[in-house]
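> Structure below; questions to follow.
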Amino acid sequence: MREYVSLECTECGSRNYRTQIDSKSQEKLELMKYCKRERKHTLHKEKKK
């Protein structure tokens with residue numbers, strides 16, 4: 001079973017990306033992604049809808 005989650009920038013708080021994850025995973029997803037508001041790569045953490 002897969003579910004959608006949003007990736008939120010840790011610096012500005014904007015939710016820039018939406019991705020699918022396995023619902024059985026226990027750990028939170030953390031990725032370095034580009035933030036268009038900050039204009040640089042920042043850490044994005046998983047947030048539920």
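Please note that chains go A, B, ... in the order of the structure tokens, that every chain numbers its residues from 1, and that ligands are numbered from 1 in the order shown.
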Considering only strand (DSSP E) as DSSP defines it on the backbone, what residues of chain A qualify? List them as a ChimeraX atom specification.

/A:2-9,15-22,30-35,40-47

> Extract, using only C-alpha atoms, all DNA, RNA and protein residues at most 12 Å from A:Lys24, discarding same-chain residues fewer than 6 positions from it, and format them as a list in words.

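The neighbour list is Met1, Arg2 and Glu3 of chain A.
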
> Let's have the selection written as an mmCIF file, in the first residue's frame, with C-alpha atoms.


```
data_model
loop_
_atom_site.group_PDB
_atom_site.id
_atom_site.type_symbol
_atom_site.label_atom_id
_atom_site.label_comp_id
_atom_site.auth_asym_id
_atom_site.auth_seq_id
_atom_site.Cartn_x
_atom_site.Cartn_y
_atom_site.Cartn_z
ATOM 1 C CA MET A 1 0.000 0.000 0.000
ATOM 2 C CA ARG A 2 1.376 3.402 -0.997
ATOM 3 C CA GLU A 3 0.341 6.820 0.252
#
```

> Can you tell me which residues surround A:Tyr4 at a distance of at most 7 Å, considering only C-alpha atoms, apart from same-chain residues fewer than 2 positions away, and format the answer as a ChimeraX atom specification?

/A:6,18-21

> Let's have the selection written as a CSV table (one decimal), in the first residue's frame, with N, CA and C atoms.


```csv
chain,number,residue,atom,x,y,z
A,6,SER,N,3.7,15.0,1.6
A,6,SER,CA,4.4,16.3,1.2
A,6,SER,C,5.7,16.4,1.8
A,18,ARG,N,5.5,16.6,-3.6
A,18,ARG,CA,4.6,15.6,-3.2
A,18,ARG,C,5.1,14.3,-3.8
A,19,THR,N,5.2,13.2,-2.9
A,19,THR,CA,5.7,12.0,-3.4
A,19,THR,C,5.0,10.8,-2.7
A,20,GLN,N,5.1,9.6,-3.3
A,20,GLN,CA,4.5,8.4,-2.7
A,20,GLN,C,5.6,7.7,-1.9
A,21,ILE,N,5.1,7.1,-0.8
A,21,ILE,CA,5.9,6.3,0.1
A,21,ILE,C,5.2,5.0,0.4
```

> May I have the residues within 9 Å of A:Glu11 as a PyMOL selection string, using only C-alpha atoms and disregarding those fewer than 3 positions away in the same chain?

chain A and resi 8+14+38+42-44

> Could you dump the residues just selected with N, CA and C atoms as a tab-separated table (two decimals), in the first residue's frame?


```
chain	number	residue	atom	x	y	z
A	8	GLU	N	8.36	19.11	3.10
A	8	GLU	CA	8.37	20.49	3.56
A	8	GLU	C	9.79	20.95	3.80
A	14	SER	N	7.80	25.94	3.39
A	14	SER	CA	6.90	25.73	2.26
A	14	SER	C	6.92	24.27	1.84
A	38	GLU	N	13.82	29.71	-1.36
A	38	GLU	CA	15.16	29.99	-0.84
A	38	GLU	C	16.21	30.08	-1.94
A	42	THR	N	17.98	22.62	0.06
A	42	THR	CA	17.79	22.57	1.51
A	42	THR	C	17.25	21.20	1.89
A	43	LEU	N	17.27	20.91	3.18
A	43	LEU	CA	16.73	19.66	3.68
A	43	LEU	C	15.21	19.73	3.69
A	44	HIS	N	14.56	18.73	3.11
A	44	HIS	CA	13.10	18.64	3.10
A	44	HIS	C	12.70	17.40	3.89
```

> Quick one: pull the distance between atom CA of A:Asp22 and atom CA of A:Tyr34, Å, one decimal.

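Rounded to one decimal, the two atoms are 23.0 Å apart.
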